[in-house]
Amino acid sequence: MVTDKVVIFRPYPLRVGQKIHIEGGPRGGDWEVVEISRRKVTLRCPISQRRFEWDRFCYFVEEREGVPWPQEAWRRGEVGG
């Protein structure tokens, strides 16, 4: 059997009320999880309070303690909704 290095992605089991930070991409920045269905997730921007519903897309990379949230870039209007 041939083997190779493979990257495995697992959907993250989000929970309502979680504060998350997405690094990179068009949804990058700080968000709060406000609603979850089997296929959709609704996130709220902590600065503008705008809500966005998307197909579930989050995948776990790491969890960090003591991270400022929302991050300063949000306050300056550089990223997010």
# chains A, B, ... in the order shown; residues from 1 in each chain; ligands from 1
call {"tool": "residues_around", "arguments": {"residues": "A:Arg44", "least_positions_apart": "5", "cutoff": "7 Å", "atoms": "only C-alpha atoms", "output": "list in words"}}
result
Trp31, Glu32, Val33, Val34, Gln49, Arg50, Arg51 and Phe52 of chain A
call {"tool": "write_last_selection", "arguments": {"atoms": "N, CA, C and O atoms", "output": "PDB file, in the first residue's frame"}}
result
ATOM      1  N   TRP A  31     -15.506  36.874  16.038  1.00  0.00           N
ATOM      2  CA  TRP A  31     -16.938  36.623  15.903  1.00  0.00           C
ATOM      3  C   TRP A  31     -17.472  35.965  17.173  1.00  0.00           C
ATOM      4  O   TRP A  31     -16.733  35.313  17.892  1.00  0.00           O
ATOM      5  N   GLU A  32     -18.772  36.112  17.384  1.00  0.00           N
ATOM      6  CA  GLU A  32     -19.473  35.361  18.423  1.00  0.00           C
ATOM      7  C   GLU A  32     -20.476  34.450  17.734  1.00  0.00           C
ATOM      8  O   GLU A  32     -21.199  34.878  16.834  1.00  0.00           O
ATOM      9  N   VAL A  33     -20.515  33.198  18.146  1.00  0.00           N
ATOM     10  CA  VAL A  33     -21.455  32.226  17.587  1.00  0.00           C
ATOM     11  C   VAL A  33     -22.821  32.480  18.220  1.00  0.00           C
ATOM     12  O   VAL A  33     -22.966  32.416  19.434  1.00  0.00           O
ATOM     13  N   VAL A  34     -23.830  32.792  17.397  1.00  0.00           N
ATOM     14  CA  VAL A  34     -25.154  33.105  17.944  1.00  0.00           C
ATOM     15  C   VAL A  34     -26.230  32.093  17.587  1.00  0.00           C
ATOM     16  O   VAL A  34     -27.266  32.035  18.252  1.00  0.00           O
ATOM     17  N   GLN A  49     -22.148  44.463  15.613  1.00  0.00           N
ATOM     18  CA  GLN A  49     -23.299  43.642  16.007  1.00  0.00           C
ATOM     19  C   GLN A  49     -24.039  43.059  14.806  1.00  0.00           C
ATOM     20  O   GLN A  49     -25.103  42.468  14.968  1.00  0.00           O
ATOM     21  N   ARG A  50     -23.509  43.227  13.598  1.00  0.00           N
ATOM     22  CA  ARG A  50     -24.133  42.636  12.409  1.00  0.00           C
ATOM     23  C   ARG A  50     -24.020  41.125  12.473  1.00  0.00           C
ATOM     24  O   ARG A  50     -23.025  40.588  12.972  1.00  0.00           O
ATOM     25  N   ARG A  51     -25.041  40.447  11.960  1.00  0.00           N
ATOM     26  CA  ARG A  51     -25.076  38.976  11.940  1.00  0.00           C
ATOM     27  C   ARG A  51     -24.932  38.481  10.509  1.00  0.00           C
ATOM     28  O   ARG A  51     -25.470  39.084   9.583  1.00  0.00           O
ATOM     29  N   PHE A  52     -24.238  37.352  10.378  1.00  0.00           N
ATOM     30  CA  PHE A  52     -24.036  36.729   9.079  1.00  0.00           C
ATOM     31  C   PHE A  52     -24.292  35.241   9.209  1.00  0.00           C
ATOM     32  O   PHE A  52     -23.787  34.604  10.130  1.00  0.00           O
TER      33      PHE A  52
END
call {"tool": "closest_atom_pairs", "arguments": {"of": "stretch 35-79 of chain A", "to": "stretch 7-15 of chain A", "cutoff": "6 Å", "atoms": "only C-alpha atoms", "output": "JSON lines"}}
result
{"residue": "A:Cys58", "atom": "CA", "partner": "A:Tyr12", "partner_atom": "CA", "distance": 5.8}
{"residue": "A:Tyr59", "atom": "CA", "partner": "A:Pro11", "partner_atom": "CA", "distance": 4.8}
{"residue": "A:Phe60", "atom": "CA", "partner": "A:Tyr12", "partner_atom": "CA", "distance": 5.3}
call {"tool": "select_by_dssp", "arguments": {"residues": "stretch 22-55 of chain A", "states": "strand (DSSP E)", "output": "list in words"}}
result
Ile22, Gly29, Asp30, Trp31, Glu32, Val33, Val34, Glu35, Ile36, Lys40, Val41, Thr42, Leu43, Arg44, Arg51, Phe52, Glu53, Trp54 and Asp55 of chain A
call {"tool": "write_last_selection", "arguments": {"atoms": "N, CA, C and O atoms", "output": "CSV table (one decimal), in the first residue's frame"}}
result
chain,number,residue,atom,x,y,z
A,22,ILE,N,-11.1,33.9,13.5
A,22,ILE,CA,-10.8,33.2,12.2
A,22,ILE,C,-9.6,33.9,11.6
A,22,ILE,O,-9.7,35.2,11.4
A,29,GLY,N,-11.3,37.4,11.3
A,29,GLY,CA,-11.5,38.3,12.4
A,29,GLY,C,-12.2,37.6,13.6
A,29,GLY,O,-12.3,36.4,13.7
A,30,ASP,N,-12.8,38.5,14.5
A,30,ASP,CA,-13.4,38.0,15.7
A,30,ASP,C,-14.9,37.9,15.5
A,30,ASP,O,-15.5,38.8,14.8
A,31,TRP,N,-15.5,36.9,16.0
A,31,TRP,CA,-16.9,36.6,15.9
A,31,TRP,C,-17.5,36.0,17.2
A,31,TRP,O,-16.7,35.3,17.9
A,32,GLU,N,-18.8,36.1,17.4
A,32,GLU,CA,-19.5,35.4,18.4
A,32,GLU,C,-20.5,34.5,17.7
A,32,GLU,O,-21.2,34.9,16.8
A,33,VAL,N,-20.5,33.2,18.1
A,33,VAL,CA,-21.5,32.2,17.6
A,33,VAL,C,-22.8,32.5,18.2
A,33,VAL,O,-23.0,32.4,19.4
A,34,VAL,N,-23.8,32.8,17.4
A,34,VAL,CA,-25.2,33.1,17.9
A,34,VAL,C,-26.2,32.1,17.6
A,34,VAL,O,-27.3,32.0,18.3
A,35,GLU,N,-26.0,31.3,16.5
A,35,GLU,CA,-27.0,30.3,16.2
A,35,GLU,C,-26.3,29.2,15.3
A,35,GLU,O,-25.4,29.5,14.5
A,36,ILE,N,-26.7,28.0,15.5
A,36,ILE,CA,-26.2,26.8,14.8
A,36,ILE,C,-27.3,25.9,14.4
A,36,ILE,O,-28.2,25.6,15.2
A,40,LYS,N,-26.0,25.3,8.9
A,40,LYS,CA,-25.6,26.7,8.9
A,40,LYS,C,-25.1,27.1,10.2
A,40,LYS,O,-25.4,26.5,11.3
A,41,VAL,N,-24.3,28.2,10.2
A,41,VAL,CA,-23.9,28.9,11.4
A,41,VAL,C,-24.1,30.4,11.3
A,41,VAL,O,-23.9,30.9,10.2
A,42,THR,N,-24.6,31.0,12.3
A,42,THR,CA,-24.8,32.5,12.3
A,42,THR,C,-23.8,33.1,13.3
A,42,THR,O,-23.7,32.7,14.5
A,43,LEU,N,-23.0,34.0,12.8
A,43,LEU,CA,-22.0,34.7,13.6
A,43,LEU,C,-22.3,36.1,13.7
A,43,LEU,O,-22.9,36.7,12.8
A,44,ARG,N,-21.9,36.7,14.8
A,44,ARG,CA,-22.2,38.2,15.1
A,44,ARG,C,-20.8,38.9,15.2
A,44,ARG,O,-20.0,38.4,16.0
A,51,ARG,N,-25.0,40.4,12.0
A,51,ARG,CA,-25.1,39.0,11.9
A,51,ARG,C,-24.9,38.5,10.5
A,51,ARG,O,-25.5,39.1,9.6
A,52,PHE,N,-24.2,37.4,10.4
A,52,PHE,CA,-24.0,36.7,9.1
A,52,PHE,C,-24.3,35.2,9.2
A,52,PHE,O,-23.8,34.6,10.1
A,53,GLU,N,-25.1,34.7,8.3
A,53,GLU,CA,-25.3,33.3,8.3
A,53,GLU,C,-24.6,32.6,7.1
A,53,GLU,O,-24.7,33.1,6.0
A,54,TRP,N,-23.8,31.6,7.4
A,54,TRP,CA,-23.1,30.9,6.3
A,54,TRP,C,-23.2,29.4,6.5
A,54,TRP,O,-23.6,28.9,7.6
A,55,ASP,N,-22.9,28.7,5.4
A,55,ASP,CA,-22.8,27.3,5.5
A,55,ASP,C,-21.7,27.0,6.6
A,55,ASP,O,-20.7,27.8,6.6
call {"tool": "select_by_dssp", "arguments": {"residues": "chain A", "states": "alpha helix (DSSP H)", "output": "short mmCIF file (atom, residue, chain, number, x, y, z; two decimals) with C-alpha atoms, in the first residue's frame"}}
result
data_model
loop_
_atom_site.label_atom_id
_atom_site.label_comp_id
_atom_site.auth_asym_id
_atom_site.auth_seq_id
_atom_site.Cartn_x
_atom_site.Cartn_y
_atom_site.Cartn_z
CA GLU A 72 -7.60 45.85 18.18
CA ALA A 73 -7.85 45.59 14.37
CA TRP A 74 -11.66 45.36 14.75
CA ARG A 75 -11.77 48.62 16.65
#
call {"tool": "atom_distance", "arguments": {"atom1": "atom CA of A:Trp69", "atom2": "atom CA of A:Arg39"}}
result
26.5 Å
call {"tool": "atom_distance", "arguments": {"atom1": "atom CA of A:Ile47", "atom2": "atom CA of A:Glu62"}}
result
23.7 Å
